[in-house]
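A.B. asks: Input: one structure, supplied below.
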Amino acid sequence: MAMVSEFLGQLCLNVGANEPKHPTVVPATDFNPDTDAARIETAIKTKGVDEQTIIDILTKRTYSQRRDIAFAYERRAKKDLISALKGALSGSLEAVILGLMKSTSQYDASLIRGSIKGAGTDEETLIEVLCSRSNEELVDIKKVYKELFNKDLAKDVAGDTSGNFAKLLLALVETNRADPIAVVDYDKIDLDARALYEAGVKIKGTDVPTWISIMSERSVPHLQKVFQRYKSYSPYDMQESIAKEVKGDLQKSFLVLVECFENKQLYFAKRLNEAMKSKGAKEKIVSRIIVSRCEVDLKKICSEYKTSTGESLQKTILEHTKGDLQKVLLGLCGPEQ
């Protein structure tokens, strides 16, 4: 019997570990990479470049299908598709299309590398990626980071950040988060809620290492219950406590973590809304989120966007972007549901 329950326990772990997917970009049916490659070759050779055809094809194919198109293109044209696209496109459309030629993990790894390479760090991107990705995603990102750049992600993050901010990001990169389990452990929920309270609001100063270990090692369903329980100890909820207790990049990171534990797709919806409604639409943020999530959970992000803002993401994109960028982003979001 012990063996059976052990096996069932293992099954629960495996079932619960992967977050369900809600992609807007799904495999095209009747897919023919040779036909697509021929159409793209014609589009690139057309005087003035036929961007619309490139957008129509590449936003309606998954990464693995785009890779097949790239192989077919190389066989046909005797040259590399990515180089051809770089030569044919420019600006934000080029950035999005080249992003689509990477897998989700490759794209995320490139975002991290871009945010820490060169002078100064783009903390905003670093925080968004490392604090919003699931354990499984981070495991993949670490592996791909090593393959692409021949560097260790943890070492790069450590070399570019400092203090408790660095400690939190490194704890996330270590991917020690527990998998969800089917049985709810109320004692452990209570212990963690009390520990978070006693490490912060209850004392003068903040015991940041305790916060880091709980938030980087517990499973997401467990933490959701911990934050509920936390309210029975603290006069402030977890987000308010973070805002009171810590500052700067550490505060931003903890807030992104908590928002993502509570409702990751709502976090991305809010980020998209802020970016598009701010003066001079922040195209980079909008493109980054849509490209990185289109094969993961963009469908759910769209529905959270509609619920929280009252208008569709597609409508906001129409209002706040223009030209080829607008076309490619709408292509990735798909029709309104």
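Each chain in the structure tokens gets a letter, A, B, ..., in the order shown, and its residues are numbered from 1; ligands are numbered from 1 in order too.
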When you look at A:Asp160 with a cut-off of 8 Å (counting only C-alpha atoms), what residues show up, excluding the ones that are within fewer than 2 positions of it in the same chain? I need them as a list in words.

C.D. replies: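 Within the cut-off, the hits are Ile116, Thr121, Asp156, Val157, Ala158 and Ser162 of chain A.
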
A.B. asks: May I have the selected residues written with all heavy atoms, as a short mmCIF file (atom, residue, chain, number, x, y, z; two decimals), in the first residue's frame?

C.D. replies:
data_model
loop_
_atom_site.label_atom_id
_atom_site.label_comp_id
_atom_site.auth_asym_id
_atom_site.auth_seq_id
_atom_site.Cartn_x
_atom_site.Cartn_y
_atom_site.Cartn_z
N ILE A 116 21.93 42.47 -18.54
CA ILE A 116 23.11 42.58 -17.68
C ILE A 116 24.42 42.79 -18.45
O ILE A 116 25.46 43.01 -17.86
CB ILE A 116 23.26 41.37 -16.73
CG1 ILE A 116 23.29 40.05 -17.48
CG2 ILE A 116 22.20 41.35 -15.68
CD1 ILE A 116 23.28 38.83 -16.58
N THR A 121 22.86 48.15 -15.59
CA THR A 121 21.96 46.99 -15.63
C THR A 121 20.54 47.47 -15.89
O THR A 121 20.12 48.47 -15.32
CB THR A 121 22.00 46.26 -14.26
OG1 THR A 121 23.35 46.02 -13.92
CG2 THR A 121 21.25 44.95 -14.30
N ASP A 156 26.59 35.28 -13.67
CA ASP A 156 26.33 36.55 -14.34
C ASP A 156 25.42 37.45 -13.49
O ASP A 156 25.66 38.65 -13.39
CB ASP A 156 25.68 36.31 -15.72
CG ASP A 156 26.74 36.11 -16.80
OD1 ASP A 156 27.94 36.05 -16.46
OD2 ASP A 156 26.36 35.99 -17.99
N VAL A 157 24.40 36.86 -12.89
CA VAL A 157 23.48 37.66 -12.05
C VAL A 157 24.24 38.17 -10.82
O VAL A 157 24.12 39.34 -10.45
CB VAL A 157 22.24 36.82 -11.64
CG1 VAL A 157 21.42 37.53 -10.57
CG2 VAL A 157 21.36 36.54 -12.86
N ALA A 158 25.04 37.31 -10.22
CA ALA A 158 25.80 37.70 -9.02
C ALA A 158 26.80 38.81 -9.34
O ALA A 158 27.01 39.73 -8.54
CB ALA A 158 26.54 36.49 -8.45
N SER A 162 23.80 43.33 -6.35
CA SER A 162 24.46 43.26 -5.04
C SER A 162 23.44 43.23 -3.91
O SER A 162 22.25 43.44 -4.13
CB SER A 162 25.38 44.48 -4.87
OG SER A 162 24.61 45.66 -4.96
#

A.B. asks: Here is a test: counting only C-alpha atoms, which residue of A:His22, A:Lys151, A:His222, A:Lys78 is nearest to A:Ala109?

C.D. replies: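 Among the listed residues, the smallest separation from A:Ala109 belongs to A:Lys151.
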
A.B. asks: Which neighbours of A:Lys231 fall inside 10 Å, counting only C-alpha atoms, when residues of the same chain fewer than 4 positions from it are skipped, and could you give them as a list in words?

C.D. replies: Ala193, Arg194, Tyr197, Val226, Phe227, Pro235, Tyr236, Asp237 and Met238 of chain A

A.B. asks: Please dump the current selection as a PDB file, in the first residue's frame; keep N, CA, C and O atoms.

C.D. replies:
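After the write, result-v7.pdb holds the following:
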ATOM      1  N   ALA A 193       3.355  31.808   7.479  1.00  0.00           N
ATOM      2  CA  ALA A 193       2.678  33.108   7.596  1.00  0.00           C
ATOM      3  C   ALA A 193       3.202  33.857   8.812  1.00  0.00           C
ATOM      4  O   ALA A 193       3.508  35.053   8.748  1.00  0.00           O
ATOM      5  N   ARG A 194       3.335  33.126   9.924  1.00  0.00           N
ATOM      6  CA  ARG A 194       3.831  33.768  11.153  1.00  0.00           C
ATOM      7  C   ARG A 194       5.292  34.193  10.987  1.00  0.00           C
ATOM      8  O   ARG A 194       5.693  35.263  11.422  1.00  0.00           O
ATOM      9  N   TYR A 197       5.545  37.373   9.073  1.00  0.00           N
ATOM     10  CA  TYR A 197       5.126  38.499   9.918  1.00  0.00           C
ATOM     11  C   TYR A 197       6.229  38.848  10.926  1.00  0.00           C
ATOM     12  O   TYR A 197       6.619  40.006  11.086  1.00  0.00           O
ATOM     13  N   VAL A 226      -0.486  30.883   2.247  1.00  0.00           N
ATOM     14  CA  VAL A 226       0.320  31.584   3.267  1.00  0.00           C
ATOM     15  C   VAL A 226      -0.066  33.069   3.293  1.00  0.00           C
ATOM     16  O   VAL A 226      -0.248  33.656   4.368  1.00  0.00           O
ATOM     17  N   PHE A 227      -0.199  33.685   2.114  1.00  0.00           N
ATOM     18  CA  PHE A 227      -0.524  35.120   2.077  1.00  0.00           C
ATOM     19  C   PHE A 227      -1.929  35.391   2.622  1.00  0.00           C
ATOM     20  O   PHE A 227      -2.178  36.437   3.224  1.00  0.00           O
ATOM     21  N   PRO A 235      -1.500  43.567  10.287  1.00  0.00           N
ATOM     22  CA  PRO A 235      -2.536  44.546   9.911  1.00  0.00           C
ATOM     23  C   PRO A 235      -2.468  44.918   8.426  1.00  0.00           C
ATOM     24  O   PRO A 235      -3.373  45.534   7.887  1.00  0.00           O
ATOM     25  N   TYR A 236      -1.364  44.545   7.772  1.00  0.00           N
ATOM     26  CA  TYR A 236      -1.196  44.834   6.335  1.00  0.00           C
ATOM     27  C   TYR A 236      -1.140  43.535   5.551  1.00  0.00           C
ATOM     28  O   TYR A 236      -0.667  42.528   6.074  1.00  0.00           O
ATOM     29  N   ASP A 237      -1.596  43.567   4.298  1.00  0.00           N
ATOM     30  CA  ASP A 237      -1.424  42.353   3.487  1.00  0.00           C
ATOM     31  C   ASP A 237       0.041  42.263   3.042  1.00  0.00           C
ATOM     32  O   ASP A 237       0.850  43.154   3.340  1.00  0.00           O
ATOM     33  N   MET A 238       0.390  41.205   2.325  1.00  0.00           N
ATOM     34  CA  MET A 238       1.798  40.969   2.000  1.00  0.00           C
ATOM     35  C   MET A 238       2.380  42.088   1.136  1.00  0.00           C
ATOM     36  O   MET A 238       3.488  42.549   1.367  1.00  0.00           O
TER      37      MET A 238
END

A.B. asks: Mind checking which residues fall within 9 Å of A:Thr175, counting only C-alpha atoms, ignoring those fewer than 6 positions away in the same chain, and posting them as number ranges by chain?

C.D. replies: A: 135-136, 138-139, 216-217

A.B. asks: Would you list, as an NGL selection string, the residues of stretch 191-279 of chain A that end up in helix (DSSP H, G or I) under DSSP run on this structure's backbone?

C.D. replies: :A and (191-198 or 208-217 or 220-230 or 238-245 or 248-277)

A.B. asks: Kindly give the distance, in Å, that separates atom CA of A:Ile127 and atom CA of A:Cys294, rounded to a single decimal.

C.D. replies: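 Taking atom CA of A:Ile127 as the start and atom CA of A:Cys294 as the end point, the length is 19.7 Å.
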
A.B. asks: Write out as an mmCIF file with N, CA and C atoms, in the first residue's frame the residues lying within 8 Å of A:Val208, counting only C-alpha atoms and excluding same-chain residues fewer than 4 positions away.

C.D. replies:
data_model
loop_
_atom_site.group_PDB
_atom_site.id
_atom_site.type_symbol
_atom_site.label_atom_id
_atom_site.label_comp_id
_atom_site.auth_asym_id
_atom_site.auth_seq_id
_atom_site.Cartn_x
_atom_site.Cartn_y
_atom_site.Cartn_z
ATOM 1 N N ASN A 164 20.907 42.324 -0.807
ATOM 2 C CA ASN A 164 19.767 41.408 -0.706
ATOM 3 C C ASN A 164 19.047 41.214 -2.042
ATOM 4 N N ALA A 199 9.330 38.253 10.735
ATOM 5 C CA ALA A 199 10.575 38.691 10.100
ATOM 6 C C ALA A 199 10.462 40.110 9.537
ATOM 7 N N GLY A 200 9.248 40.677 9.588
ATOM 8 C CA GLY A 200 9.054 41.991 8.972
ATOM 9 C C GLY A 200 8.286 42.961 9.839
ATOM 10 N N ILE A 212 13.254 35.771 1.853
ATOM 11 C CA ILE A 212 13.806 35.180 0.620
ATOM 12 C C ILE A 212 13.618 33.667 0.617
#

A.B. asks: For the contact check between stretch 51-143 of chain A and stretch 264-272 of chain A, emit one row per residue of stretch 51-143 of chain A within 10 Å, containing the shortest atom pair and the distance in Å rounded to one decimal, counting only C-alpha atoms, chain then rising number order, as a Markdown table.

C.D. replies:
| residue | atom | partner | partner_atom | distance |
| --- | --- | --- | --- | --- |
| A:Glu128 | CA | A:Phe268 | CA | 9.3 |
| A:Ser132 | CA | A:Lys264 | CA | 7.1 |
| A:Arg133 | CA | A:Lys264 | CA | 9.1 |
| A:Ser134 | CA | A:Lys264 | CA | 9.8 |

A.B. asks: Would you save the residues from that selection as a PDB file, in the first residue's frame, using N, CA, C and O atoms?

C.D. replies:
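Ended up saving to result14.pdb:
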ATOM      1  N   GLU A 128      11.537  41.498 -14.042  1.00  0.00           N
ATOM      2  CA  GLU A 128      10.329  40.961 -14.680  1.00  0.00           C
ATOM      3  C   GLU A 128      10.522  39.494 -15.073  1.00  0.00           C
ATOM      4  O   GLU A 128       9.664  38.650 -14.820  1.00  0.00           O
ATOM      5  N   SER A 132       9.002  36.373 -12.574  1.00  0.00           N
ATOM      6  CA  SER A 132       7.685  35.938 -13.074  1.00  0.00           C
ATOM      7  C   SER A 132       7.719  34.541 -13.689  1.00  0.00           C
ATOM      8  O   SER A 132       6.674  33.984 -13.990  1.00  0.00           O
ATOM      9  N   ARG A 133       8.887  33.983 -13.888  1.00  0.00           N
ATOM     10  CA  ARG A 133       8.942  32.679 -14.549  1.00  0.00           C
ATOM     11  C   ARG A 133       8.788  31.547 -13.538  1.00  0.00           C
ATOM     12  O   ARG A 133       9.274  31.635 -12.411  1.00  0.00           O
ATOM     13  N   SER A 134       8.131  30.481 -13.968  1.00  0.00           N
ATOM     14  CA  SER A 134       7.929  29.320 -13.090  1.00  0.00           C
ATOM     15  C   SER A 134       9.254  28.592 -12.900  1.00  0.00           C
ATOM     16  O   SER A 134      10.220  28.825 -13.637  1.00  0.00           O
TER      17      SER A 134
END

A.B. asks: Per residue of stretch 251-329 of chain A within 10 Å of stretch 37-55 of chain A, what are the shortest atom pair and its distance in Å to one decimal, counting only C-alpha atoms, with rows by chain and residue number, as CSV?

C.D. replies:
residue,atom,partner,partner_atom,distance
A:Asp324,CA,A:Glu51,CA,7.5
A:Leu325,CA,A:Ile55,CA,9.6
A:Lys327,CA,A:Ile55,CA,7.4
A:Val328,CA,A:Ile55,CA,5.7
A:Leu329,CA,A:Ile55,CA,9.3

A.B. asks: Quick one: residues within 12 Å of A:Val291, only C-alpha atoms, excluding same-chain residues fewer than 5 positions away - as a ChimeraX atom specification?

C.D. replies: /A:23-25,58-59,62-63,93,95-108,111,283-286,296-298,325,328-333

A.B. asks: Store the residues picked out above, limited to N, CA and C atoms, as a compact mmCIF listing (two decimals), in the first residue's frame.

C.D. replies:
# COMPACT_ATOMS: atom_id res chain seq x y z
N PRO A 23 -1.89 29.31 -24.68
CA PRO A 23 -1.22 30.08 -25.73
C PRO A 23 -2.20 30.72 -26.71
N THR A 24 -1.77 31.81 -27.34
CA THR A 24 -2.56 32.37 -28.45
C THR A 24 -1.98 31.84 -29.77
N VAL A 25 -0.69 31.47 -29.76
CA VAL A 25 -0.06 30.92 -30.95
C VAL A 25 -0.01 29.40 -30.81
N LEU A 58 4.60 34.17 -39.85
CA LEU A 58 5.38 33.87 -38.64
C LEU A 58 4.60 34.05 -37.33
N THR A 59 3.54 34.88 -37.33
CA THR A 59 2.75 35.01 -36.09
C THR A 59 1.73 33.89 -35.95
N THR A 62 4.01 28.09 -34.64
CA THR A 62 4.72 27.95 -33.36
C THR A 62 6.22 28.00 -33.62
N TYR A 63 6.99 28.09 -32.53
CA TYR A 63 8.45 28.14 -32.68
C TYR A 63 8.97 26.93 -33.46
N LEU A 93 9.56 46.07 -35.66
CA LEU A 93 9.09 44.85 -36.34
C LEU A 93 10.22 43.83 -36.41
N ALA A 95 12.74 43.54 -34.39
CA ALA A 95 12.98 43.02 -33.04
C ALA A 95 11.97 41.92 -32.69
N VAL A 96 10.70 42.14 -33.01
CA VAL A 96 9.66 41.14 -32.70
C VAL A 96 9.86 39.87 -33.53
N ILE A 97 10.06 40.03 -34.83
CA ILE A 97 10.20 38.87 -35.72
C ILE A 97 11.44 38.05 -35.34
N LEU A 98 12.55 38.71 -35.02
CA LEU A 98 13.75 37.96 -34.62
C LEU A 98 13.51 37.28 -33.27
N GLY A 99 12.71 37.91 -32.42
CA GLY A 99 12.33 37.28 -31.14
C GLY A 99 11.55 36.00 -31.38
N LEU A 100 10.70 36.00 -32.40
CA LEU A 100 9.88 34.82 -32.72
C LEU A 100 10.72 33.68 -33.29
N MET A 101 11.92 33.99 -33.77
CA MET A 101 12.78 32.94 -34.31
C MET A 101 13.58 32.23 -33.20
N LYS A 102 13.31 32.65 -31.95
CA LYS A 102 13.91 31.97 -30.80
C LYS A 102 12.82 31.18 -30.07
N SER A 103 13.21 30.13 -29.36
CA SER A 103 12.23 29.43 -28.50
C SER A 103 11.94 30.34 -27.31
N THR A 104 10.88 30.05 -26.57
CA THR A 104 10.54 30.88 -25.40
C THR A 104 11.72 30.97 -24.43
N SER A 105 12.38 29.84 -24.17
CA SER A 105 13.52 29.84 -23.23
C SER A 105 14.71 30.60 -23.80
N GLN A 106 14.95 30.46 -25.09
CA GLN A 106 16.05 31.21 -25.72
C GLN A 106 15.77 32.71 -25.66
N TYR A 107 14.51 33.07 -25.89
CA TYR A 107 14.13 34.48 -25.86
C TYR A 107 14.33 35.04 -24.45
N ASP A 108 13.86 34.30 -23.44
CA ASP A 108 14.02 34.74 -22.05
C ASP A 108 15.49 34.85 -21.66
N LEU A 111 16.87 37.92 -23.13
CA LEU A 111 16.42 39.11 -22.39
C LEU A 111 17.30 39.34 -21.17
N GLU A 283 7.16 50.49 -26.25
CA GLU A 283 7.04 49.38 -27.21
C GLU A 283 7.84 48.16 -26.78
N LYS A 284 9.00 48.41 -26.19
CA LYS A 284 9.87 47.29 -25.81
C LYS A 284 9.19 46.38 -24.80
N ILE A 285 8.54 46.99 -23.79
CA ILE A 285 7.88 46.19 -22.75
C ILE A 285 6.72 45.40 -23.36
N VAL A 286 5.92 46.08 -24.16
CA VAL A 286 4.75 45.44 -24.79
C VAL A 286 5.21 44.27 -25.67
N VAL A 296 2.79 30.59 -24.24
CA VAL A 296 2.67 30.13 -22.84
C VAL A 296 1.27 30.42 -22.29
N ASP A 297 0.95 31.70 -22.07
CA ASP A 297 -0.32 32.01 -21.40
C ASP A 297 -0.95 33.32 -21.88
N LEU A 298 -0.61 33.75 -23.09
CA LEU A 298 -1.12 35.05 -23.57
C LEU A 298 -2.64 35.08 -23.67
N LEU A 325 4.40 47.31 -36.32
CA LEU A 325 4.44 46.81 -34.93
C LEU A 325 3.02 46.43 -34.50
N VAL A 328 1.98 43.11 -36.16
CA VAL A 328 2.63 41.90 -35.64
C VAL A 328 2.12 41.57 -34.23
N LEU A 329 1.88 42.60 -33.41
CA LEU A 329 1.37 42.34 -32.05
C LEU A 329 -0.05 41.79 -32.12
N LEU A 330 -0.88 42.36 -32.99
CA LEU A 330 -2.25 41.85 -33.14
C LEU A 330 -2.23 40.42 -33.68
N GLY A 331 -1.30 40.15 -34.58
CA GLY A 331 -1.17 38.80 -35.13
C GLY A 331 -0.87 37.78 -34.02
N LEU A 332 -0.01 38.17 -33.07
CA LEU A 332 0.35 37.26 -31.98
C LEU A 332 -0.76 37.11 -30.94
N CYS A 333 -1.53 38.19 -30.73
CA CYS A 333 -2.63 38.12 -29.75
C CYS A 333 -3.81 37.31 -30.28

A.B. asks: Excluding A:Thr210 and its own-chain neighbours fewer than 5 positions away, which residues fall within 9 Å of it when counting only C-alpha atoms? Please give them as a short mmCIF file (atom, residue, chain, number, x, y, z; two decimals) with N, CA, C and O atoms, in the first residue's frame.

C.D. replies:
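Written out: out.cif:
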data_model
loop_
_atom_site.label_atom_id
_atom_site.label_comp_id
_atom_site.auth_asym_id
_atom_site.auth_seq_id
_atom_site.Cartn_x
_atom_site.Cartn_y
_atom_site.Cartn_z
N ALA A 195 6.08 33.33 10.32
CA ALA A 195 7.51 33.65 10.10
C ALA A 195 7.67 34.91 9.25
O ALA A 195 8.52 35.76 9.54
N LEU A 196 6.83 35.06 8.21
CA LEU A 196 6.89 36.26 7.38
C LEU A 196 6.55 37.50 8.19
O LEU A 196 7.18 38.55 8.06
N ALA A 199 9.33 38.25 10.73
CA ALA A 199 10.58 38.69 10.10
C ALA A 199 10.46 40.11 9.54
O ALA A 199 11.44 40.68 9.04
N MET A 215 9.89 32.68 0.14
CA MET A 215 9.33 33.04 -1.18
C MET A 215 10.04 32.36 -2.34
O MET A 215 9.51 32.33 -3.45
#

A.B. asks: When distances are computed from only C-alpha atoms, which of A:Pro335, A:Ser219, A:Phe149, A:Cys131 shows the smallest separation from A:Cys260?

C.D. replies: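 Using only C-alpha atoms, A:Cys260 sits closest to A:Cys131.
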
A.B. asks: Ranking A:Leu257, A:Ile189, A:Leu250, A:Leu168 by minimum distance to A:Ser213 and counting only C-alpha atoms, which one comes first?

C.D. replies: A:Leu168

A.B. asks: For a test of reading the model, state the distance in Å between atom CA of A:His320 and atom CA of A:Lys277, rounded to one decimal.

C.D. replies: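 That distance, rounded to one decimal, is 7.4 Å.
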
A.B. asks: Using only C-alpha atoms, which residue out of A:Leu313, A:Leu130, A:Glu19, A:Arg229 lies closest to A:Pro180?

C.D. replies: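 Closest to A:Pro180, using only C-alpha atoms: A:Glu19.
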